[in-house]
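Chemist: Below you will find the structure I want to go over with you.
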Amino acid sequence: MPTDLEQLQAIKSQTLAIIAELTAAPKPTYAIDGQQVAWAEYLAHLRQTVAWCDEQMAALDACEIKSRGFS
C-alpha cells in the first residue's frame with residue numbers, strides 16, 4: 001500500500017498533467033441546455049488541489065530545529 005506521501009505525489013502529478021492539458025488548448029465557459037461548463041473555475045480548482053497537496057506534503061515533512069542566538 002502506498003504511503004501518504006506517495007499518494008499525495010500521485011495526486012499532484014495527475015492534477016498537474018490535467019492542468020497542462022487544459023492550458024495547452026484553453027476552452028471557453030459555455031452553457032448548453034441549462035447546463036454550464038466553467039473551464040476557468042475548473043482550472044482554478046485544479047490549482048487549489050496542487051496547492052493543497054503542497055501543504056500536505058510540507059506538513060508530513062515537518063521538523064523542528066532548536067537553535068540559540070548569541071550576540
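Residue numbers start at 1 in each chain; chains themselves are named A, B, ... in the order of the C-alpha cells; ligands are numbered from 1 in the order shown.
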Excluding Glu55 (chain A) and any residue of its chain fewer than 5 positions from it, enumerate the residues within 12 Å of it, using only C-alpha atoms, and give them as a ChimeraX atom specification.

Modeler: /A:5,8-9,12,48-50,60-62

Chemist: Can you write just those residues out, all heavy atoms, as an mmCIF file, in the first residue's frame?

Modeler:
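Listed below is the output, again_9.cif:
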```
data_model
loop_
_atom_site.group_PDB
_atom_site.id
_atom_site.type_symbol
_atom_site.label_atom_id
_atom_site.label_comp_id
_atom_site.auth_asym_id
_atom_site.auth_seq_id
_atom_site.Cartn_x
_atom_site.Cartn_y
_atom_site.Cartn_z
ATOM 1 N N LEU A 5 2.601 10.109 1.577
ATOM 2 C CA LEU A 5 3.416 10.969 0.727
ATOM 3 C C LEU A 5 3.335 10.521 -0.731
ATOM 4 O O LEU A 5 3.177 11.348 -1.631
ATOM 5 C CB LEU A 5 4.872 10.980 1.203
ATOM 6 C CG LEU A 5 5.837 11.835 0.399
ATOM 7 C CD1 LEU A 5 5.394 13.305 0.411
ATOM 8 C CD2 LEU A 5 7.249 11.707 0.938
ATOM 9 N N LEU A 8 -0.046 11.543 -2.142
ATOM 10 C CA LEU A 8 -0.097 12.986 -2.403
ATOM 11 C C LEU A 8 0.707 13.339 -3.655
ATOM 12 O O LEU A 8 0.277 14.165 -4.467
ATOM 13 C CB LEU A 8 0.423 13.762 -1.194
ATOM 14 C CG LEU A 8 -0.502 13.785 0.024
ATOM 15 C CD1 LEU A 8 0.237 14.313 1.243
ATOM 16 C CD2 LEU A 8 -1.745 14.613 -0.262
ATOM 17 N N GLN A 9 1.857 12.711 -3.811
ATOM 18 C CA GLN A 9 2.673 12.961 -5.003
ATOM 19 C C GLN A 9 1.943 12.509 -6.262
ATOM 20 O O GLN A 9 1.997 13.177 -7.294
ATOM 21 C CB GLN A 9 4.022 12.247 -4.878
ATOM 22 C CG GLN A 9 4.938 12.877 -3.858
ATOM 23 C CD GLN A 9 6.173 12.040 -3.568
ATOM 24 O OE1 GLN A 9 6.166 10.820 -3.724
ATOM 25 N NE2 GLN A 9 7.241 12.703 -3.119
ATOM 26 N N LYS A 12 -0.872 15.044 -7.000
ATOM 27 C CA LYS A 12 -0.298 16.270 -7.543
ATOM 28 C C LYS A 12 0.153 16.068 -8.987
ATOM 29 O O LYS A 12 -0.111 16.906 -9.854
ATOM 30 C CB LYS A 12 0.880 16.729 -6.678
ATOM 31 C CG LYS A 12 1.493 18.026 -7.158
ATOM 32 C CD LYS A 12 2.636 18.467 -6.266
ATOM 33 C CE LYS A 12 3.287 19.722 -6.829
ATOM 34 N NZ LYS A 12 4.419 20.166 -6.012
ATOM 35 N N GLN A 48 -5.916 24.843 -6.909
ATOM 36 C CA GLN A 48 -6.098 24.750 -5.456
ATOM 37 C C GLN A 48 -5.727 23.347 -4.963
ATOM 38 O O GLN A 48 -5.166 23.192 -3.882
ATOM 39 C CB GLN A 48 -7.532 25.079 -5.067
ATOM 40 C CG GLN A 48 -7.892 26.530 -5.223
ATOM 41 C CD GLN A 48 -9.378 26.788 -4.981
ATOM 42 O OE1 GLN A 48 -10.169 25.869 -4.869
ATOM 43 N NE2 GLN A 48 -9.746 28.060 -4.922
ATOM 44 N N THR A 49 -6.032 22.349 -5.763
ATOM 45 C CA THR A 49 -5.682 20.969 -5.403
ATOM 46 C C THR A 49 -4.164 20.808 -5.332
ATOM 47 O O THR A 49 -3.644 20.173 -4.408
ATOM 48 C CB THR A 49 -6.275 19.973 -6.423
ATOM 49 O OG1 THR A 49 -7.700 20.123 -6.429
ATOM 50 C CG2 THR A 49 -5.907 18.538 -6.083
ATOM 51 N N VAL A 50 -3.444 21.397 -6.287
ATOM 52 C CA VAL A 50 -1.981 21.334 -6.270
ATOM 53 C C VAL A 50 -1.440 22.040 -5.023
ATOM 54 O O VAL A 50 -0.553 21.521 -4.337
ATOM 55 C CB VAL A 50 -1.382 21.949 -7.558
ATOM 56 C CG1 VAL A 50 0.126 22.086 -7.443
ATOM 57 C CG2 VAL A 50 -1.745 21.097 -8.768
ATOM 58 N N LEU A 60 3.792 16.740 6.258
ATOM 59 C CA LEU A 60 4.349 15.410 6.514
ATOM 60 C C LEU A 60 5.850 15.461 6.757
ATOM 61 O O LEU A 60 6.403 14.605 7.438
ATOM 62 C CB LEU A 60 4.066 14.472 5.332
ATOM 63 C CG LEU A 60 2.631 14.028 5.150
ATOM 64 C CD1 LEU A 60 2.483 13.228 3.865
ATOM 65 C CD2 LEU A 60 2.160 13.200 6.341
ATOM 66 N N ASP A 61 6.490 16.459 6.180
ATOM 67 C CA ASP A 61 7.940 16.582 6.287
ATOM 68 C C ASP A 61 8.334 17.624 7.337
ATOM 69 O O ASP A 61 9.443 18.107 7.333
ATOM 70 C CB ASP A 61 8.526 16.958 4.920
ATOM 71 C CG ASP A 61 10.030 16.784 4.867
ATOM 72 O OD1 ASP A 61 10.543 15.881 5.558
ATOM 73 O OD2 ASP A 61 10.686 17.557 4.155
ATOM 74 N N ALA A 62 7.406 17.951 8.210
ATOM 75 C CA ALA A 62 7.667 18.984 9.218
ATOM 76 C C ALA A 62 8.730 18.518 10.207
ATOM 77 O O ALA A 62 8.796 17.354 10.581
ATOM 78 C CB ALA A 62 6.389 19.330 9.964
#
```

Chemist: Any chance you could list, as a list in words, the residues in chain A that come up strand (DSSP E or B) when DSSP is run on the backbone?

Modeler: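 Matching residues, listed in order: Tyr30, Ala31, Ile32, Gln35, Gln36 and Val37 of chain A.
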
Chemist: Can you pull out the residues contacting region 18-32 of chain A? Cut-off 10 Å, using only C-alpha atoms, and skip same-chain residues under 4 positions away; I want them as a compact mmCIF listing (two decimals) with C-alpha atoms, in the first residue's frame.

Modeler:
```txt
# COMPACT_ATOMS: atom_id res chain seq x y z
CA LYS A 12 -0.30 16.27 -7.54
CA SER A 13 1.29 14.68 -10.60
CA GLN A 14 -2.08 13.71 -12.08
CA GLN A 36 -23.00 25.42 -17.60
CA VAL A 37 -19.41 24.30 -18.16
CA ALA A 38 -16.98 26.68 -16.43
CA TRP A 39 -13.46 25.79 -17.54
CA ALA A 40 -11.84 28.73 -15.74
CA GLU A 41 -13.39 27.64 -12.43
CA TYR A 42 -12.29 24.05 -13.07
CA LEU A 43 -8.74 25.22 -13.73
CA ALA A 44 -8.78 27.30 -10.52
CA LEU A 46 -7.17 22.14 -10.01
CA ARG A 47 -4.63 24.76 -8.98
CA VAL A 50 -1.98 21.33 -6.27
```

Chemist: Report the residues of chain A whose backbone DSSP state falls under helix (DSSP H, G or I), written as a PyMOL selection string.

Modeler: chain A and resi 4-24+39-60

Chemist: Figure out the distance between CA of Glu6 (chain A) and CA of Met57 (chain A), please, to one decimal in Å.

Modeler: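 For CA of Met57 (chain A) relative to CA of Glu6 (chain A), the distance reads 9.4 Å.
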
Chemist: I'd like the interatomic distance between CA of Ala10 (chain A) and CA of Ala59 (chain A), to a tenth of an Å.

Modeler: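 Between CA of Ala10 (chain A) and CA of Ala59 (chain A) the gap works out to 16.6 Å.
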
Chemist: Find the residue from A:Cys63, A:Ala58, A:Cys53, A:Thr3 that sits nearest to Leu16 (chain A); use only C-alpha atoms when measuring.

Modeler: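 For Leu16 (chain A), the nearest of the given residues is A:Cys53.
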
Chemist: Please compute the CA of Met1 (chain A)-CA of Ala17 (chain A) distance, one decimal, in Å.

Modeler: 23.2 Å
